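Participant: Take a look at target07.csv, CSV, C-alpha atoms:
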```csv
chain,number,residue,atom,x,y,z
A,1,MET,CA,0.0,0.0,0.0
A,2,SER,CA,2.7,2.4,1.0
A,3,VAL,CA,6.3,3.2,0.4
A,4,LYS,CA,8.5,3.6,3.4
A,5,MET,CA,10.9,6.5,3.4
A,6,THR,CA,12.9,7.1,6.7
A,7,VAL,CA,10.1,11.1,16.0
A,8,LYS,CA,5.8,11.6,18.8
A,9,VAL,CA,3.3,14.3,19.4
A,10,GLY,CA,-0.1,13.1,20.8
A,11,ALA,CA,-2.2,16.0,19.4
A,12,MET,CA,-5.2,15.5,17.1
A,13,ARG,CA,-5.7,11.8,17.4
A,14,LEU,CA,-9.0,10.0,16.9
A,15,ARG,CA,-10.1,7.3,19.3
A,16,ARG,CA,-11.3,4.0,17.9
A,17,PRO,CA,-15.0,4.5,18.8
A,18,VAL,CA,-15.0,7.8,16.9
A,19,LEU,CA,-13.2,6.2,14.0
A,20,ALA,CA,-15.7,3.3,13.8
A,21,LEU,CA,-18.6,5.7,13.8
A,22,MET,CA,-17.2,7.8,11.0
A,23,LEU,CA,-16.4,4.7,8.9
A,24,THR,CA,-20.0,3.4,9.4
A,25,LEU,CA,-21.5,6.7,8.4
A,26,LEU,CA,-19.4,6.9,5.2
A,27,LEU,CA,-20.2,3.3,4.1
A,28,TRP,CA,-23.9,3.3,5.0
A,29,PRO,CA,-25.2,5.5,2.1
A,30,THR,CA,-23.4,3.3,-0.5
A,31,GLY,CA,-25.9,0.5,-0.1
A,32,ALA,CA,-23.1,-1.8,1.0
A,33,SER,CA,-23.2,-3.6,4.3
A,34,ALA,CA,-22.0,-1.5,7.2
A,35,GLN,CA,-20.0,-4.6,8.3
A,36,ARG,CA,-17.9,-4.9,5.1
A,37,GLU,CA,-14.1,-5.0,5.4
A,38,ALA,CA,-11.9,-2.1,4.6
A,39,PRO,CA,-10.7,-2.1,0.9
A,40,VAL,CA,-7.6,-4.1,0.2
A,41,ALA,CA,-4.3,-2.3,0.0
A,42,ALA,CA,-4.3,-2.1,-3.8
A,43,ALA,CA,-7.7,-0.3,-4.0
A,44,MET,CA,-7.5,3.4,-3.4
A,45,PRO,CA,-10.7,4.8,-1.9
A,46,GLY,CA,-12.5,7.5,-3.9
A,47,THR,CA,-12.0,10.4,-1.5
A,48,LEU,CA,-9.3,11.6,0.8
A,49,LEU,CA,-11.5,11.2,3.9
A,50,GLU,CA,-12.2,7.6,3.0
A,51,ALA,CA,-8.5,7.0,2.3
A,52,TRP,CA,-7.6,8.3,5.8
A,53,LEU,CA,-10.2,6.1,7.4
A,54,THR,CA,-9.0,3.0,5.5
A,55,TRP,CA,-5.4,3.7,6.4
A,56,GLN,CA,-6.2,4.3,10.0
A,57,ALA,CA,-8.2,1.1,10.2
A,58,GLU,CA,-5.2,-0.9,9.2
A,59,GLN,CA,-2.9,0.5,11.9
A,60,PRO,CA,-2.5,-0.8,15.4
A,61,GLU,CA,-2.2,2.7,16.8
A,62,PRO,CA,-3.8,6.0,15.9
A,63,LEU,CA,-2.1,8.1,13.2
A,64,ASP,CA,-0.6,11.4,14.4
A,65,TRP,CA,-2.8,13.9,12.5
A,66,ALA,CA,-0.5,16.8,13.4
A,67,TYR,CA,2.1,15.2,11.0
A,68,SER,CA,-0.3,13.9,8.2
A,69,PHE,CA,-0.6,15.5,4.8
A,70,ALA,CA,-1.5,15.1,1.2
A,71,LEU,CA,-0.1,16.4,-2.1
A,72,ARG,CA,-2.5,17.8,-4.7
A,73,SER,CA,-1.6,17.0,-8.3
A,74,SER,CA,-1.9,20.7,-9.2
A,75,ASP,CA,0.8,21.5,-6.6
A,76,ALA,CA,3.0,18.7,-7.7
A,77,ALA,CA,3.0,20.0,-11.2
A,78,THR,CA,4.6,23.3,-10.2
A,79,LEU,CA,7.3,22.0,-7.8
A,80,ASP,CA,10.1,21.4,-10.3
A,81,ALA,CA,9.7,24.9,-11.8
A,82,LEU,CA,9.5,26.5,-8.3
A,83,HIS,CA,12.6,24.7,-7.2
A,84,ARG,CA,14.5,25.8,-10.3
A,85,GLU,CA,13.4,29.4,-10.0
A,86,LEU,CA,14.3,29.6,-6.4
A,87,LEU,CA,17.8,28.2,-7.0
A,88,ALA,CA,18.3,30.6,-9.9
A,89,GLU,CA,17.2,33.7,-7.9
A,90,ILE,CA,19.5,32.7,-5.0
A,91,THR,CA,22.4,32.4,-7.4
A,92,THR,CA,21.7,35.8,-9.0
A,93,LEU,CA,21.4,37.6,-5.6
A,94,ARG,CA,24.5,35.7,-4.2
A,95,ASP,CA,26.6,36.8,-7.2
A,96,THR,CA,25.4,40.4,-6.9
A,97,LEU,CA,26.3,40.5,-3.2
A,98,THR,CA,29.7,39.1,-4.0
A,99,LEU,CA,30.3,41.9,-6.5
A,100,VAL,CA,29.4,44.7,-4.1
A,101,GLY,CA,31.6,43.2,-1.4
A,102,GLN,CA,28.9,41.8,0.9
A,103,GLN,CA,30.5,38.4,1.2
A,104,ARG,CA,28.9,37.3,4.5
A,105,GLN,CA,25.5,37.7,3.0
A,106,ALA,CA,26.6,36.0,-0.1
A,107,ASP,CA,27.9,33.1,1.9
A,108,GLN,CA,24.5,32.8,3.6
A,109,LEU,CA,22.8,32.5,0.3
A,110,GLN,CA,25.3,29.9,-0.8
A,111,ALA,CA,24.5,27.8,2.3
A,112,TRP,CA,20.8,28.0,1.4
A,113,HIS,CA,21.6,27.0,-2.2
A,114,GLN,CA,23.5,24.0,-1.1
A,115,ALA,CA,20.8,22.9,1.3
A,116,LEU,CA,18.0,23.3,-1.3
A,117,GLN,CA,19.7,21.8,-4.3
A,118,PRO,CA,19.5,18.1,-3.4
A,119,LEU,CA,15.9,18.3,-2.1
A,120,ALA,CA,13.6,15.9,-4.0
A,121,THR,CA,10.5,17.6,-5.3
A,122,ALA,CA,8.7,14.2,-5.3
A,123,ALA,CA,8.8,13.9,-1.5
A,124,ALA,CA,6.4,16.9,-0.9
A,125,ARG,CA,3.1,18.0,0.5
A,126,SER,CA,0.6,20.6,-0.3
A,127,PRO,CA,1.1,23.6,2.0
A,128,GLU,CA,-2.3,23.3,3.7
A,129,ARG,CA,-4.1,21.1,6.2
A,130,LEU,CA,-5.6,18.0,4.6
A,131,ASP,CA,-5.6,15.7,7.7
A,132,LEU,CA,-8.6,13.7,8.8
A,133,PRO,CA,-9.9,15.9,11.7
A,134,TRP,CA,-9.7,18.9,9.4
A,135,LEU,CA,-11.7,17.2,6.7
A,136,ALA,CA,-14.2,15.7,9.1
A,137,ALA,CA,-14.9,19.1,10.7
A,138,SER,CA,-16.3,20.2,7.3
A,139,LEU,CA,-17.0,17.6,4.7
A,140,ARG,CA,-17.0,20.3,2.0
A,141,ARG,CA,-13.2,20.2,2.3
A,142,ASN,CA,-13.1,16.6,1.2
A,143,LEU,CA,-11.7,16.0,-2.3
A,144,PRO,CA,-11.4,13.0,-4.7
A,145,THR,CA,-8.1,11.0,-4.4
A,146,GLN,CA,-7.8,11.3,-8.2
A,147,ARG,CA,-6.8,14.9,-7.6
A,148,LEU,CA,-3.9,13.8,-5.4
A,149,VAL,CA,-0.5,12.3,-6.0
A,150,HIS,CA,-0.2,10.8,-2.5
A,151,LEU,CA,-1.2,11.1,1.1
A,152,GLY,CA,1.2,10.4,4.0
A,153,THR,CA,2.2,10.7,7.6
A,154,CYS,CA,5.5,11.2,9.5
A,155,GLU,CA,6.7,10.4,12.9
A,156,ALA,CA,7.1,13.6,14.9
A,157,PRO,CA,10.8,14.6,14.7
A,158,ASP,CA,13.1,15.8,17.5
A,159,TRP,CA,14.2,18.9,15.7
A,160,VAL,CA,13.2,22.4,14.5
A,161,GLU,CA,14.9,23.8,11.5
A,162,LEU,CA,16.3,27.3,11.4
A,163,TRP,CA,17.2,29.1,8.1
A,164,SER,CA,19.3,32.1,9.0
A,165,THR,CA,22.4,34.1,8.1
A,166,SER,CA,24.4,31.2,9.7
A,167,GLY,CA,23.0,28.8,7.1
A,168,VAL,CA,20.6,26.0,7.8
A,169,THR,CA,20.6,24.4,11.3
A,170,ARG,CA,18.5,21.8,13.0
A,171,LEU,CA,18.1,22.6,16.7
A,172,ALA,CA,17.1,19.9,19.2
A,173,TRP,CA,13.5,20.5,20.1
A,174,GLN,CA,12.7,21.2,23.7
A,175,PRO,CA,9.2,21.2,25.4
A,176,GLY,CA,7.9,24.8,25.5
A,177,MET,CA,10.4,26.0,22.9
A,178,THR,CA,9.5,29.2,21.1
A,179,THR,CA,10.7,31.2,18.1
A,180,ALA,CA,12.5,33.6,20.5
A,181,ASP,CA,14.4,30.6,22.0
A,182,ALA,CA,15.6,29.5,18.6
A,183,ILE,CA,16.6,33.0,17.5
A,184,ALA,CA,18.5,33.5,20.8
A,185,GLN,CA,20.9,30.8,19.7
A,186,LEU,CA,22.1,32.9,16.8
A,187,PRO,CA,25.2,35.1,17.0
A,188,ALA,CA,24.3,38.6,18.3
A,189,GLY,CA,25.5,40.2,15.1
A,190,SER,CA,23.1,38.1,13.1
A,191,ARG,CA,20.1,38.9,15.4
A,192,ASN,CA,20.7,42.6,15.0
A,193,GLU,CA,20.0,42.5,11.3
A,194,LEU,CA,16.6,40.7,11.4
A,195,ASP,CA,13.3,42.2,10.5
A,196,GLN,CA,10.8,39.4,10.0
A,197,ALA,CA,10.6,35.6,10.0
A,198,ALA,CA,8.3,33.0,8.5
A,199,LEU,CA,7.2,30.1,10.7
A,200,LEU,CA,6.2,27.0,8.8
A,201,SER,CA,4.2,24.6,11.0
A,202,PRO,CA,4.0,20.8,10.6
A,203,LEU,CA,0.3,21.3,9.7
A,204,GLY,CA,1.2,23.3,6.6
A,205,ASP,CA,0.4,26.8,8.0
A,206,THR,CA,2.7,29.8,7.4
A,207,THR,CA,2.8,32.7,9.9
A,208,THR,CA,4.9,35.8,9.4
A,209,LEU,CA,6.1,37.4,12.6
A,210,GLY,CA,8.3,40.3,13.7
A,211,VAL,CA,11.8,39.5,15.1
A,212,ALA,CA,13.4,43.0,15.3
A,213,ARG,CA,13.6,45.0,18.5
A,214,TRP,CA,10.7,47.2,17.5
A,215,ASN,CA,8.3,44.5,16.3
A,216,ARG,CA,9.4,41.4,18.2
A,217,GLU,CA,6.9,38.5,18.6
A,218,SER,CA,7.4,35.0,19.9
A,219,LEU,CA,5.4,31.9,18.9
A,220,PRO,CA,5.5,28.3,20.0
A,221,LEU,CA,7.8,26.0,18.0
A,222,PRO,CA,6.5,22.5,17.6
A,223,PRO,CA,8.8,19.6,16.5
A,224,GLY,CA,9.3,19.6,12.8
A,225,ALA,CA,8.6,23.4,12.4
A,226,ARG,CA,10.8,25.5,10.1
A,227,LEU,CA,11.7,29.0,11.0
A,228,VAL,CA,13.0,31.2,8.1
A,229,LEU,CA,14.7,34.4,9.1
A,230,LEU,CA,13.9,36.4,6.0
A,231,LEU,CA,16.4,38.6,4.2
A,232,PRO,CA,16.2,42.1,5.8
A,233,ARG,CA,14.4,44.9,4.2
A,234,HIS,CA,17.5,47.1,4.1
A,235,GLY,CA,20.3,46.5,1.7
A,236,LEU,CA,20.0,44.1,-1.1
A,237,GLY,CA,17.7,41.9,1.0
A,238,GLY,CA,15.2,44.7,0.4
A,239,SER,CA,15.7,44.7,-3.4
A,240,LEU,CA,13.3,43.1,-5.8
A,241,GLU,CA,15.6,40.1,-6.0
A,242,GLY,CA,15.8,39.8,-2.2
A,243,SER,CA,12.1,40.0,-1.8
A,244,LEU,CA,11.6,37.3,-4.5
A,245,VAL,CA,14.1,35.0,-2.8
A,246,ASN,CA,12.1,35.4,0.5
A,247,GLN,CA,8.8,34.6,-1.2
A,248,LEU,CA,10.1,31.7,-3.2
A,249,LEU,CA,12.0,30.2,-0.3
A,250,VAL,CA,8.9,30.2,2.0
A,251,ARG,CA,6.7,28.8,-0.7
A,252,PHE,CA,9.1,25.9,-1.4
A,253,LEU,CA,9.8,25.1,2.2
A,254,ALA,CA,6.1,25.0,2.9
A,255,THR,CA,6.0,21.9,0.6
A,256,ARG,CA,8.6,20.0,2.6
A,257,LEU,CA,7.5,17.0,4.7
A,258,PRO,CA,7.2,17.6,8.5
A,259,GLY,CA,9.7,14.9,9.5
A,260,ASP,CA,12.3,12.5,8.3
A,261,ALA,CA,10.6,9.1,9.0
A,262,CYS,CA,7.6,9.3,6.7
A,263,THR,CA,5.3,6.9,4.9
A,264,LEU,CA,3.6,7.8,1.6
A,265,TRP,CA,0.5,6.2,0.1
A,266,PRO,CA,0.5,6.9,-3.7
A,267,THR,CA,-3.0,7.3,-5.2
A,268,ARG,CA,-2.2,5.7,-8.4
```
For the structure just supplied, provide its representation as structure tokens.
Facilitator:
Amino acid sequence: MSVKMTVKVGAMRLRRPVLALMLTLLLWPTGASAQREAPVAAAMPGTLLEAWLTWQAEQPEPLDWAYSFALRSSDAATLDALHRELLAEITTLRDTLTLVGQQRQADQLQAWHQALQPLATAAARSPERLDLPWLAASLRRNLPTQRLVHLGTCEAPDWVELWSTSGVTRLAWQPGMTTADAIAQLPAGSRNELDQAALLSPLGDTTTLGVARWNRESLPLPPGARLVLLLPRHGLGGSLEGSLVNQLLVRFLATRLPGDACTLWPTR
């Protein structure tokens, strides 16, 4: 049924009685017996909600919905082009920074380029919530599996990822950890240049927050979150190229899986 790729948050899990009730309600209108077995692994259910219920019914433990996702076919079709455009814009801005003597900023972009280049676009998600509780709360959100490339789930990791002037770093996650805690681990010189950051949650949400002295905010950092310290608005970071790098980087990182140990269920 699934392809194994190779951390545990107990949020958003459905108990078995709730699961059984939802499965019964889904199957009853079809005219089939409410006692029929879940589809065999080779048969992909018609909707994402049904696919989640089928997958969960096969598991000995509840899936962790905080780390479950799906990839729309429409999003998958744009990922290769997005990846190429992001790398090209980073290269252009890096070379410009080198020419004007801003080598430290150029080295930052080179570190981002090196981290991004090998990332596989096939191992991706749509940057939105498509987990079972989210769909069950409003059945209008449900969609046919024929519009998807895959659905999947990850084990909650033990890290948070920081994209900053120091490059790309994975920090060990600690209970109660916040964005301010992560930023405090940067060198003081790097912190002084910051204006804004983008927080990418394991659920697929993106939140922009202030991180300068005059607009400082702090938000919780769950395991598997990515915090992008955006290029500052002053200097070349505030140029058209710098703004485009910020936008493209956040868009692409929002499609990354929320963990390392993940299982994907292709829809075809």
Participant: Which residues, protein or nucleic acid, reach to within 9 Å of (5.1, 28.8, 7.3) in the file's coordinates when using all atoms listed in the file, and can you give that as JSON, numbers by chain?
Facilitator: {"A": [127, 198, 199, 200, 201, 202, 204, 205, 206, 207, 208, 225, 226, 227, 228, 250, 251, 253, 254]}
Participant: List every residue of stretch 114-220 of chain A that has an atom at most 12 Å from any atom of stretch 89-101 of chain A, giving for each one its closest atom pair and the distance in Å to one decimal, counting only C-alpha atoms, sorted by chain and then by ascending residue number, as a Markdown table.
Facilitator:
```
| residue | atom | partner | partner_atom | distance |
| --- | --- | --- | --- | --- |
| A:Gln114 | CA | A:Ile90 | CA | 10.3 |
| A:Ala115 | CA | A:Ile90 | CA | 11.7 |
| A:Leu116 | CA | A:Ile90 | CA | 10.2 |
| A:Gln117 | CA | A:Ile90 | CA | 10.9 |
```
Participant: Calculate how many Å separate atom CA of A:Ala81 from atom CA of A:Thr169, rounding to one decimal.
Facilitator: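 Atom CA of A:Thr169 lies 25.5 Å from atom CA of A:Ala81.
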Participant: Quick one: residues within 9 Å of A:Val160, all atoms listed in the file, excluding same-chain residues fewer than 2 positions away - as a PyMOL selection string?
Facilitator: chain A and resi 157-158+162+169-173+182+221-227
Participant: Quick one: distance from atom CA of A:Leu248 to atom CA of A:Arg72 in Å, one decimal?
Facilitator: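 For atom CA of A:Leu248 relative to atom CA of A:Arg72, the distance reads 18.8 Å.
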Participant: So how far away is atom CA of A:Gln247 from atom CA of A:His150, in Å?
Facilitator: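 Atom-to-atom, atom CA of A:His150 to atom CA of A:Gln247, that is 25.5 Å.
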Participant: With all atoms listed in the file as the basis for distance, which of A:Arg104, A:Arg125, A:Arg268, A:Arg147 is at the shortest distance from A:Phe69?
Facilitator: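 That would be A:Arg125, the residue with the smallest distance to A:Phe69.
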